[in-house]
>>> print(open('entry-v5.txt').read())   # compact mmCIF, C-alpha atoms
# COMPACT_ATOMS: atom_id res chain seq x y z
CA MET A 276 152.20 50.65 73.22
CA ILE A 277 154.32 53.82 73.33
CA GLN A 278 152.85 57.30 73.19
CA ARG A 279 155.05 60.21 72.20
CA PRO A 280 153.78 63.72 72.93
CA ASN A 281 154.20 66.17 70.06
CA GLY A 282 157.45 68.06 70.22
CA ASP A 283 158.66 66.17 73.28
CA ASN A 284 161.18 63.36 73.56
CA THR A 285 159.52 61.86 76.61
CA PHE A 286 157.86 58.53 75.97
CA VAL A 287 155.22 56.70 77.95
CA GLU A 288 155.26 52.90 78.16
CA LYS A 289 152.02 51.01 78.74
CA GLY A 290 152.98 47.44 77.98
CA GLY A 291 155.68 44.81 78.07
CA GLY A 292 158.34 43.83 75.59
CA MET A 293 162.00 44.68 75.23
CA PRO A 294 163.01 48.15 76.48
CA PRO A 295 162.57 50.55 73.55
CA LEU A 296 165.28 52.90 72.44
CA PRO A 297 164.28 56.47 73.34
CA LEU A 298 164.38 59.20 70.71
CA LEU A 299 166.75 61.61 72.40
CA PRO A 300 168.27 64.92 71.33
CA HIS A 301 171.96 64.90 70.51
CA GLU A 302 173.13 65.87 73.99
CA ALA A 303 176.24 63.73 74.31
CA SER A 304 178.58 66.67 74.02
CA THR A 305 181.96 66.75 75.74
CA LYS A 306 184.68 69.34 76.03
CA ASN A 307 185.86 68.18 72.60
CA GLY A 308 182.49 68.80 70.98
CA SER A 309 179.79 66.38 69.93
CA LEU A 310 179.50 62.66 70.39
CA ASP A 311 181.29 62.21 67.06
CA ASN A 312 184.25 64.24 68.35
CA PHE A 313 184.22 62.18 71.53
CA HIS A 314 184.26 58.99 69.42
CA PHE A 315 187.30 60.19 67.46
CA SER A 316 189.28 61.60 70.38
CA ILE A 317 189.08 58.39 72.40
CA GLY A 318 189.11 55.73 69.74
CA GLN A 319 191.65 57.07 67.28
CA ASP A 320 195.22 58.32 67.55
CA PRO A 321 195.68 60.90 64.73
CA LYS A 322 199.47 60.47 64.70
CA ARG A 323 199.19 56.68 64.32
CA SER A 324 196.67 57.05 61.50
CA ARG A 325 199.15 59.15 59.54
CA ASP A 326 202.24 57.03 60.10
CA SER A 327 200.86 53.48 60.20
CA PRO A 328 199.32 51.54 57.33
CA GLN A 329 197.29 49.54 59.84
CA CYS A 330 193.65 50.36 60.47
CA PRO A 331 193.25 52.97 63.22
CA ALA A 332 191.79 51.87 66.53
CA THR A 333 188.19 52.94 66.96
CA LEU A 334 185.62 52.50 69.69
CA GLU A 335 183.98 49.71 67.70
CA ASN A 336 187.02 47.42 67.89
CA LEU A 337 188.25 48.26 71.38
CA PRO A 338 188.14 45.39 73.90
CA SER A 339 184.92 45.20 75.89
CA ASP A 340 186.66 45.84 79.22
CA ILE A 341 188.07 49.13 77.85
CA LEU A 342 184.67 50.08 76.45
CA LEU A 343 183.06 49.46 79.82
CA LYS A 344 185.51 51.82 81.55
CA ILE A 345 184.57 54.49 79.01
CA PHE A 346 180.83 53.85 79.02
CA ILE A 347 180.45 53.79 82.79
CA ARG A 348 181.49 57.46 82.95
CA LEU A 349 178.87 58.64 80.47
CA LEU A 350 175.35 59.85 81.14
CA ALA A 351 172.42 57.50 80.73
CA LYS A 352 171.04 59.56 77.83
CA GLN A 353 174.35 59.27 75.99
CA LEU A 354 174.44 55.52 76.55
CA ALA A 355 170.86 55.18 75.31
CA GLN A 356 171.99 56.76 72.05
CA MET A 357 174.98 54.44 71.82
CA ARG A 358 172.75 51.38 71.96
CA CYS A 359 171.78 52.26 68.40
CA VAL A 360 175.36 52.02 67.10
CA SER A 361 175.59 48.23 66.82
CA LYS A 362 174.11 44.99 68.11
CA SER A 363 177.21 44.30 70.18
CA TRP A 364 177.00 47.71 71.88
CA ASN A 365 173.29 47.27 72.45
CA ALA A 366 173.90 43.90 74.09
CA LEU A 367 176.77 45.25 76.19
CA LEU A 368 174.87 48.31 77.44
CA SER A 369 171.73 46.26 78.14
CA GLN A 370 173.45 43.82 80.48
CA THR A 371 172.10 43.90 84.03
CA SER A 372 175.64 43.86 85.40
CA PHE A 373 176.57 47.00 83.45
CA ILE A 374 173.36 48.84 84.45
CA LYS A 375 174.14 48.10 88.11
CA SER A 376 177.79 49.13 87.72
CA HIS A 377 176.75 52.41 86.07
CA LEU A 378 174.30 53.08 88.91
CA HIS A 379 176.96 52.26 91.51
CA HIS A 380 179.35 54.69 89.80
CA SER A 381 176.72 57.45 89.80
CA ILE A 382 175.96 57.00 93.50
CA ASN A 383 179.53 56.71 94.74
CA ASN A 384 180.83 59.65 92.72
CA ASN A 385 178.35 61.92 94.52
CA ASP A 386 176.61 62.74 91.23
CA ARG A 387 173.40 63.37 93.14
CA PHE A 388 170.75 66.03 92.84
CA LEU A 389 168.07 66.98 95.33
CA LEU A 390 164.60 67.30 93.79
CA ILE A 391 162.38 69.15 96.24
CA PHE A 392 158.70 68.66 95.46
CA TYR A 393 156.32 71.23 96.91
CA TYR A 394 152.77 71.37 98.12
CA ASN A 395 150.87 74.26 96.61
CA LEU A 396 147.27 74.93 97.56
CA LEU A 397 147.12 78.73 97.40
CA SER A 398 149.54 80.04 94.79
CA LEU A 399 148.29 80.84 91.30
CA ASP A 400 151.74 80.10 89.86
CA PRO A 401 152.72 76.76 91.34
CA ILE A 402 156.27 75.44 91.38
CA PRO A 403 156.16 71.61 91.24
CA PHE A 404 159.80 71.17 92.26
CA THR A 405 163.27 72.71 92.32
CA ILE A 406 166.58 70.92 91.60
CA HIS A 407 169.81 71.39 93.55
CA PRO A 408 173.15 69.58 92.98
CA CYS A 409 174.26 67.99 96.25
CA ARG A 410 177.82 69.21 95.87
CA PHE A 411 176.58 72.80 95.53
CA PRO A 412 173.06 72.78 96.99
CA HIS A 413 172.79 76.58 97.03
CA HIS A 414 172.59 76.44 93.23
CA GLU A 415 169.32 75.76 91.48
CA LEU A 416 169.23 74.10 88.07
CA THR A 417 166.60 75.17 85.57
CA ASN A 418 165.27 73.11 82.65
CA PHE A 419 167.37 70.16 83.83
CA ILE A 420 164.43 67.79 84.31
CA LYS A 421 160.87 68.07 83.08
CA LEU A 422 157.86 66.46 84.64
CA PRO A 423 156.50 63.48 82.71
CA PRO A 424 153.27 63.94 80.74
CA VAL A 425 150.00 63.56 82.59
CA ILE A 426 148.21 60.26 82.45
CA PRO A 427 145.78 60.52 79.50
CA ASP A 428 142.94 58.49 81.01
CA SER A 429 142.87 60.24 84.37
CA GLU A 430 140.28 63.01 84.71
CA ASP A 431 141.69 64.79 87.74
CA THR A 432 145.39 64.89 86.95
CA THR A 433 147.50 68.02 86.77
CA THR A 434 151.29 68.19 86.60
CA ASP A 435 151.42 70.81 89.38
CA MET A 436 149.75 68.44 91.87
CA ILE A 437 152.21 65.57 91.58
CA SER A 438 152.42 63.45 94.73
CA VAL A 439 155.68 61.53 95.05
CA ILE A 440 155.35 58.06 96.58
CA GLY A 441 159.04 57.19 96.72
CA SER A 442 162.31 57.00 94.84
CA VAL A 443 164.84 54.19 94.38
CA HIS A 444 167.88 53.90 92.09
CA GLY A 445 167.03 56.98 90.02
CA LEU A 446 163.38 55.91 89.56
CA ILE A 447 160.60 58.14 90.91
CA CYS A 448 157.18 56.69 91.67
CA SER A 449 154.44 59.33 91.66
CA ARG A 450 150.70 59.53 91.96
CA TYR A 451 148.25 61.87 90.23
CA SER A 452 144.98 60.34 91.43
CA ASP A 453 143.71 57.23 93.22
CA ASN A 454 144.24 55.14 90.08
CA GLY A 455 146.88 57.22 88.32
CA ILE A 456 150.39 56.00 89.21
CA GLN A 457 153.61 56.29 87.21
CA ILE A 458 157.20 55.12 87.59
CA TRP A 459 159.49 57.67 86.01
CA ASN A 460 163.18 57.61 85.06
CA PRO A 461 164.19 61.25 84.41
CA SER A 462 167.60 60.15 83.06
CA LEU A 463 165.99 58.37 80.09
CA SER A 464 162.82 60.51 79.89
CA ALA A 465 160.97 57.23 80.34
CA VAL A 466 157.61 56.83 82.08
CA LEU A 467 155.72 53.65 82.88
CA THR A 468 151.99 54.03 83.57
CA LEU A 469 150.81 51.35 85.97
CA PRO A 470 147.63 49.40 85.17
CA PRO A 471 144.49 50.10 87.26
CA HIS A 472 144.30 48.62 90.72
CA TYR A 473 141.42 47.84 93.04
CA ILE A 474 139.44 50.80 94.45
CA PRO A 475 136.71 50.01 97.02
CA SER A 476 133.15 50.89 96.05
CA ARG A 477 132.27 51.76 99.63
CA GLY A 478 133.85 54.35 101.87
CA PRO A 479 135.16 56.43 103.39
CA TYR A 480 138.65 55.02 103.00
CA GLU A 481 142.32 55.98 103.00
CA ILE A 482 144.89 54.70 100.47
CA PHE A 483 148.60 54.50 101.28
CA PHE A 484 151.35 53.68 98.78
CA GLN A 485 155.02 52.78 99.17
CA PHE A 486 157.72 52.11 96.54
CA GLY A 487 160.81 49.96 96.96
CA PHE A 488 163.36 47.57 95.48
CA ASP A 489 163.58 43.83 96.17
CA PRO A 490 167.24 42.76 95.74
CA LYS A 491 166.31 39.06 95.96
CA THR A 492 164.33 39.17 92.71
CA ASP A 493 165.86 42.35 91.24
CA ASP A 494 162.36 43.81 91.07
CA TYR A 495 160.80 47.19 91.82
CA LYS A 496 157.48 47.06 93.65
CA VAL A 497 154.63 49.38 94.64
CA VAL A 498 152.72 48.39 97.79
CA LYS A 499 149.14 49.63 98.25
CA VAL A 500 147.36 49.57 101.62
CA ILE A 501 143.67 50.55 101.94
CA GLY A 502 141.89 51.17 105.22
CA LEU A 503 138.15 51.69 105.67
CA THR A 504 137.65 54.55 108.13
CA ALA A 505 134.90 55.69 110.50
CA PRO A 506 134.42 58.63 112.91
CA HIS A 507 135.93 58.51 116.39
CA ILE A 508 133.54 57.20 119.02
CA ARG A 509 134.31 59.94 121.55
CA GLN A 510 135.18 62.73 119.07
CA PRO A 511 133.16 62.15 115.89
CA ASP A 512 134.28 65.45 114.32
CA LEU A 513 138.00 64.76 114.78
CA LEU A 514 139.95 64.19 111.56
CA PRO A 515 141.42 62.05 110.19
CA TYR A 516 139.05 59.18 110.94
CA PRO A 517 140.67 56.04 112.40
CA VAL A 518 140.82 52.86 110.33
CA LYS A 519 138.25 50.25 111.33
CA GLU A 520 139.18 47.61 108.76
CA TRP A 521 142.23 47.00 106.59
CA LEU A 522 141.47 45.57 103.16
CA GLN A 523 143.62 43.04 101.33
CA VAL A 524 147.02 44.46 100.38
CA GLU A 525 147.91 44.72 96.70
CA VAL A 526 151.47 44.69 95.30
CA TYR A 527 152.61 45.80 91.84
CA SER A 528 155.67 44.09 90.36
CA MET A 529 157.49 46.02 87.63
CA ARG A 530 159.16 42.79 86.48
CA LYS A 531 155.77 41.14 85.92
CA GLY A 532 153.90 44.32 84.95
CA SER A 533 150.84 43.55 87.08
CA TRP A 534 149.17 43.92 90.47
CA ARG A 535 148.43 40.96 92.74
CA PHE A 536 146.77 40.55 96.14
CA ILE A 537 148.83 39.06 98.96
CA THR A 538 147.58 36.91 101.82
CA GLN A 539 148.64 38.89 104.87
CA LYS A 540 146.77 42.08 105.80
CA PHE A 541 148.11 45.20 107.45
CA PRO A 542 148.24 44.83 111.30
CA LEU A 543 144.71 45.20 112.64
CA ARG A 544 145.64 47.10 115.80
CA VAL A 545 147.05 50.00 113.77
CA THR A 546 144.26 52.57 113.45
CA GLU A 547 146.11 55.22 111.47
CA ILE A 548 149.27 55.50 109.39
CA PHE A 549 151.55 58.46 109.97
CA LEU A 550 153.85 59.09 107.02
CA PRO A 551 156.85 60.98 108.37
CA GLU A 552 159.31 60.20 105.60
CA ASN A 553 159.96 63.35 103.59
CA VAL A 554 163.38 62.33 102.28
CA CYS A 555 162.88 59.33 99.99
CA VAL A 556 165.52 56.88 101.25
CA ASP A 557 163.30 53.98 102.34
CA GLY A 558 162.88 50.83 100.25
CA HIS A 559 166.44 50.41 98.95
CA ASP A 560 167.32 47.26 100.92
CA GLY A 561 164.21 45.16 100.41
CA HIS A 562 162.12 46.60 103.24
CA LEU A 563 159.47 49.31 103.56
CA HIS A 564 158.33 50.98 106.76
CA TRP A 565 155.31 52.82 108.13
CA LEU A 566 154.79 54.60 111.44
CA GLY A 567 151.42 53.52 112.81
CA TYR A 568 149.16 54.74 115.61
CA ILE A 569 147.84 52.01 117.89
CA GLY A 570 144.38 51.91 119.44
CA GLU A 571 141.28 54.08 119.30
CA GLU A 572 142.94 57.02 121.04
CA GLY A 573 145.99 56.90 118.78
CA ASP A 574 148.31 57.78 121.68
CA ARG A 575 150.96 55.16 120.94
CA LEU A 576 153.18 54.53 117.93
CA MET A 577 154.88 51.51 116.43
CA ILE A 578 156.78 50.66 113.27
CA VAL A 579 155.24 48.37 110.66
CA ALA A 580 157.79 46.77 108.32
CA PHE A 581 157.15 45.03 105.00
CA ASP A 582 159.57 42.52 103.46
CA LEU A 583 159.45 43.01 99.68
CA GLY A 584 160.88 39.54 99.09
CA SER A 585 158.55 37.44 101.23
CA GLU A 586 155.76 40.06 101.01
CA THR A 587 154.99 39.82 104.73
CA PHE A 588 154.48 42.37 107.52
CA SER A 589 156.19 42.56 110.90
CA GLU A 590 155.99 44.93 113.88
CA MET A 591 158.79 46.83 115.64
CA THR A 592 158.82 48.88 118.82
CA LEU A 593 160.20 52.41 118.99
CA PRO A 594 163.37 53.21 120.93
CA VAL A 595 161.83 55.83 123.24
CA PRO A 596 159.06 55.56 125.85
CA ASP A 597 155.55 56.60 124.84
CA ALA A 598 155.62 59.54 127.25
CA VAL A 599 158.46 61.18 125.29
CA ILE A 600 156.62 61.07 121.97
CA ASP A 601 154.25 63.87 121.04
CA CYS A 602 152.03 62.27 118.40
CA ASN A 603 151.15 65.70 116.95
CA GLY A 604 154.76 66.44 116.07
CA CYS A 605 156.87 65.48 113.07
CA TYR A 606 159.15 62.52 113.82
CA PRO A 607 160.79 61.26 110.65
CA LEU A 608 161.34 57.56 110.32
CA GLY A 609 164.13 57.03 107.83
CA VAL A 610 167.50 55.51 107.07
CA LEU A 611 170.90 56.61 108.36
CA ALA A 612 174.03 55.02 106.89
CA GLY A 613 171.95 52.09 105.62
CA LYS A 614 170.24 51.45 108.97
CA LEU A 615 166.71 52.19 110.14
CA CYS A 616 166.62 55.38 112.19
CA PHE A 617 164.09 57.32 114.24
CA ILE A 618 164.27 61.07 114.96
CA THR A 619 162.46 62.59 117.90
CA TRP A 620 162.38 65.99 119.60
CA VAL A 621 162.68 66.16 123.38
CA ALA A 622 160.83 69.34 124.32
CA ASP A 623 162.03 69.55 127.92
CA ASP A 624 165.68 69.48 126.89
CA ASP A 625 165.13 71.31 123.56
CA VAL A 626 167.21 68.75 121.67
CA CYS A 627 166.78 66.49 118.67
CA GLU A 628 167.71 62.84 119.22
CA VAL A 629 168.61 60.38 116.48
CA TRP A 630 168.23 56.67 117.23
CA VAL A 631 169.63 53.92 115.00
CA MET A 632 168.64 50.23 114.92
CA GLU A 633 172.04 48.54 114.76
CA GLU A 634 170.63 45.06 114.07
CA TYR A 635 167.60 45.13 111.82
CA GLY A 636 164.44 43.84 113.47
CA VAL A 637 165.96 43.62 116.96
CA ALA A 638 164.29 46.10 119.32
CA GLU A 639 167.11 45.86 121.86
CA SER A 640 169.63 47.13 119.30
CA TRP A 641 168.30 50.72 119.21
CA VAL A 642 171.21 53.10 119.96
CA LYS A 643 171.14 56.87 120.42
CA ARG A 644 173.56 57.96 117.71
CA HIS A 645 173.27 61.78 117.66
CA VAL A 646 171.94 64.60 119.82
CA PHE A 647 171.49 67.92 118.00
CA LEU A 648 171.53 71.00 120.23
CA GLN A 649 171.68 73.71 117.57
CA PHE A 650 168.15 73.29 116.17
CA SER A 651 165.11 74.77 117.89
CA TYR A 652 162.33 72.52 119.10
CA GLY A 653 159.52 72.31 116.56
CA ALA A 654 161.70 73.16 113.58
CA PRO A 655 160.51 71.13 110.55
CA SER A 656 162.89 68.19 110.12
CA PHE A 657 162.82 65.92 107.08
CA GLY A 658 165.23 63.08 107.85
CA PHE A 659 168.59 62.01 106.43
CA THR A 660 169.89 61.78 102.89
CA SER A 661 171.64 58.63 101.66
CA HIS A 662 174.94 60.38 102.48
CA SER A 663 173.93 60.86 106.15
CA GLU A 664 173.11 64.56 105.88
CA PHE A 665 170.35 65.77 108.22
CA VAL A 666 167.75 67.86 106.36
CA ILE A 667 166.02 70.54 108.43
CA GLU A 668 164.41 73.95 108.02
CA ASP A 669 166.16 76.61 110.10
CA ASP A 670 164.74 79.70 111.83
CA ASP A 671 165.04 81.71 108.59
CA ARG A 672 162.93 79.07 106.78
CA CYS A 673 165.91 77.98 104.72
CA LEU A 674 166.48 74.30 104.02
CA VAL A 675 169.77 73.12 105.53
CA LEU A 676 171.85 69.99 104.91
CA TYR A 677 173.77 69.28 108.10
CA ASP A 678 176.68 66.82 108.22
CA PRO A 679 176.92 65.72 111.89
CA ILE A 680 180.34 64.06 111.40
CA ALA A 681 182.05 67.08 109.84
CA ASP A 682 179.79 69.53 111.77
CA ARG A 683 179.14 71.42 108.53
CA GLU A 684 176.03 72.99 107.05
CA LYS A 685 174.93 73.66 103.47
CA VAL A 686 172.05 76.03 102.84
CA LEU A 687 169.64 75.74 99.91
CA GLU A 688 169.20 79.42 99.09
CA LYS A 689 166.64 78.88 96.32
CA TYR A 690 164.37 76.81 98.53
CA CYS A 691 160.69 77.88 98.33
CA PRO A 692 159.17 77.32 101.81
CA LYS A 693 155.96 79.22 100.96
CA PHE A 694 154.85 76.24 98.89
CA GLY A 695 155.49 73.67 101.62
CA THR A 696 157.82 70.70 101.15
CA ASN A 697 156.10 67.51 100.05
CA LYS A 698 158.99 65.14 99.28
CA ILE A 699 162.76 65.39 98.89
CA VAL A 700 164.11 63.02 96.25
CA GLU A 701 167.76 62.18 95.69
CA TYR A 702 168.07 61.85 91.94
CA VAL A 703 170.98 59.90 90.46
CA ASP A 704 171.73 59.20 86.81
CA SER A 705 170.31 55.75 86.07
CA LEU A 706 169.99 53.27 83.20
CA VAL A 707 167.28 51.25 84.94
CA TRP A 708 164.49 50.69 82.41
CA VAL A 709 160.93 51.24 83.58
CA THR A 710 159.35 48.40 81.64
CA PRO A 711 158.09 44.93 82.56
CA SER A 712 160.29 42.01 81.60
CA VAL A 713 159.42 39.83 78.62
CA ARG A 714 157.33 36.84 79.77
>>> encode(input="entry-v5.txt", output="structure tokens")
Amino acid sequence: MIQRPNGDNTFVEKGGGMPPLPLLPHEASTKNGSLDNFHFSIGQDPKRSRDSPQCPATLENLPSDILLKIFIRLLAKQLAQMRCVSKSWNALLSQTSFIKSHLHHSINNNDRFLLIFYYNLLSLDPIPFTIHPCRFPHHELTNFIKLPPVIPDSEDTTTDMISVIGSVHGLICSRYSDNGIQIWNPSLSAVLTLPPHYIPSRGPYEIFFQFGFDPKTDDYKVVKVIGLTAPHIRQPDLLPYPVKEWLQVEVYSMRKGSWRFITQKFPLRVTEIFLPENVCVDGHDGHLHWLGYIGEEGDRLMIVAFDLGSETFSEMTLPVPDAVIDCNGCYPLGVLAGKLCFITWVADDDVCEVWVMEEYGVAESWVKRHVFLQFSYGAPSFGFTSHSEFVIEDDDRCLVLYDPIADREKVLEKYCPKFGTNKIVEYVDSLVWVTPSVR
């Protein structure tokens, strides 16, 4: 079933079947004009059409390898329109290999945008997010992307209170309520509303979500962890309450279009989950990660990893001694150059240290990769982008992208710190369809 809001080209998918063709405005303009002008300028030589009795070459009869070189440079919205031209084009543009090649081209040509989602609890005029091109982050784009429509059957959903779970391959997974979750592709104005999942009838409880990609099965998954909480024994008024029992973990598969319970539970000795990842870079390589407090006092930390392929948990130790870690601080756990990284502030030395796990899953392979001296202790840090840029808020409350290799900074001048940063999403143009596969 597809619902189309009045006057809007965004569609919401709530079932399986072949990916539908979106109704999109005619936006495939180029420097030569419209899509029709683009078709003529590439596919036809005007001089040849005048002098030769043969039929002029057009896009329709160009070899597929030439078409692919043309198509891969176009935007996803343009390609969605072109699927309507013919069955052969539809088949070509729907191939998994082409969708992956188009995504690879978008990522490696630095066609990235930073979407900064904000918290807003006090303002009467909330700003859900701002958009900044990574090449020129001091610029802000307006009306470039619109939020998807709210979930119709959720009573407490508002578009200004969007909570981003994660982002992979141009898809953004967001949450509007305990049972209101969507996977959104801004490139295609496509939104998939996930079916309801289990909510415990007893409480209090905490729900934690993660979103990632499993390369083994070419599937996008949402992982849900629920912990039943209770007051601290020694400090009953201290919040948040520690987890006393972890319930069965549930995993949503976009390929199958359904939730399922898995056998293994979240590690019992973890009493609280600390979510330090502000920059959504986790979950691209088949693994998800949480930073967990251990024990009743919550004075120690460890990493909990989840393999999206085998759907199993494992535990990893941190690279620094417990005494160095202030559990009340912000210590982003993220990814640097494709490897798991951990960022910690050393108050005594007033430096920021970046540790990288060179061999995944091997505690002895932690290596101190960077030491930043130019940032003050306690400055809000948000982690690394996929292009190894360190994201931090400076003394003037401006968001800065710092390249440690080139020793260069970019400042986001239109950043709105008064709203508080919730998540930073790297948006790339993507043809990945948010719809379950045909079964």
>>> closest_residue(input="entry-v5.txt", among="A:Ile374, A:Leu566, A:Ile347, A:Ile680", to="A:Ile578", atoms="only C-alpha atoms")
A:Leu566
>>> closest_residue(input="entry-v5.txt", among="A:Pro461, A:Gly445, A:Gly609, A:Gly567", to="A:Lys421", atoms="all atoms listed in the file")
A:Pro461
>>> atom_distance(input="entry-v5.txt", atom1="atom CA of A:Gln539", atom2="atom CA of A:Gln523")
7.4 Å
>>> atom_distance(input="entry-v5.txt", atom1="atom CA of A:Asp494", atom2="atom CA of A:Val709")
10.6 Å
>>> atom_distance(input="entry-v5.txt", atom1="atom CA of A:Leu522", atom2="atom CA of A:Glu481")
10.4 Å
>>> residues_around(input="entry-v5.txt", residues="A:Trp708", least_positions_apart="3", cutoff="9 Å", atoms="only C-alpha atoms", output="VMD selection string")
chain A and resid 294 446 460 463 465 705 711
>>> residues_near_point(input="entry-v5.txt", point="(150.8, 50.5, 118.6)", cutoff="7 Å", atoms="all atoms listed in the file", output="list of chain:residue names")
A:Arg544, A:Val545, A:Gly567, A:Tyr568, A:Ile569, A:Gly570, A:Arg575, A:Leu576, A:Met577
>>> write_last_selection(input="entry-v5.txt", atoms="C-alpha atoms", output="mmCIF file, in the coordinates of the input")
data_model
loop_
_atom_site.group_PDB
_atom_site.id
_atom_site.type_symbol
_atom_site.label_atom_id
_atom_site.label_comp_id
_atom_site.auth_asym_id
_atom_site.auth_seq_id
_atom_site.Cartn_x
_atom_site.Cartn_y
_atom_site.Cartn_z
ATOM 1 C CA ARG A 544 145.640 47.100 115.800
ATOM 2 C CA VAL A 545 147.050 50.000 113.770
ATOM 3 C CA GLY A 567 151.420 53.520 112.810
ATOM 4 C CA TYR A 568 149.160 54.740 115.610
ATOM 5 C CA ILE A 569 147.840 52.010 117.890
ATOM 6 C CA GLY A 570 144.380 51.910 119.440
ATOM 7 C CA ARG A 575 150.960 55.160 120.940
ATOM 8 C CA LEU A 576 153.180 54.530 117.930
ATOM 9 C CA MET A 577 154.880 51.510 116.430
#
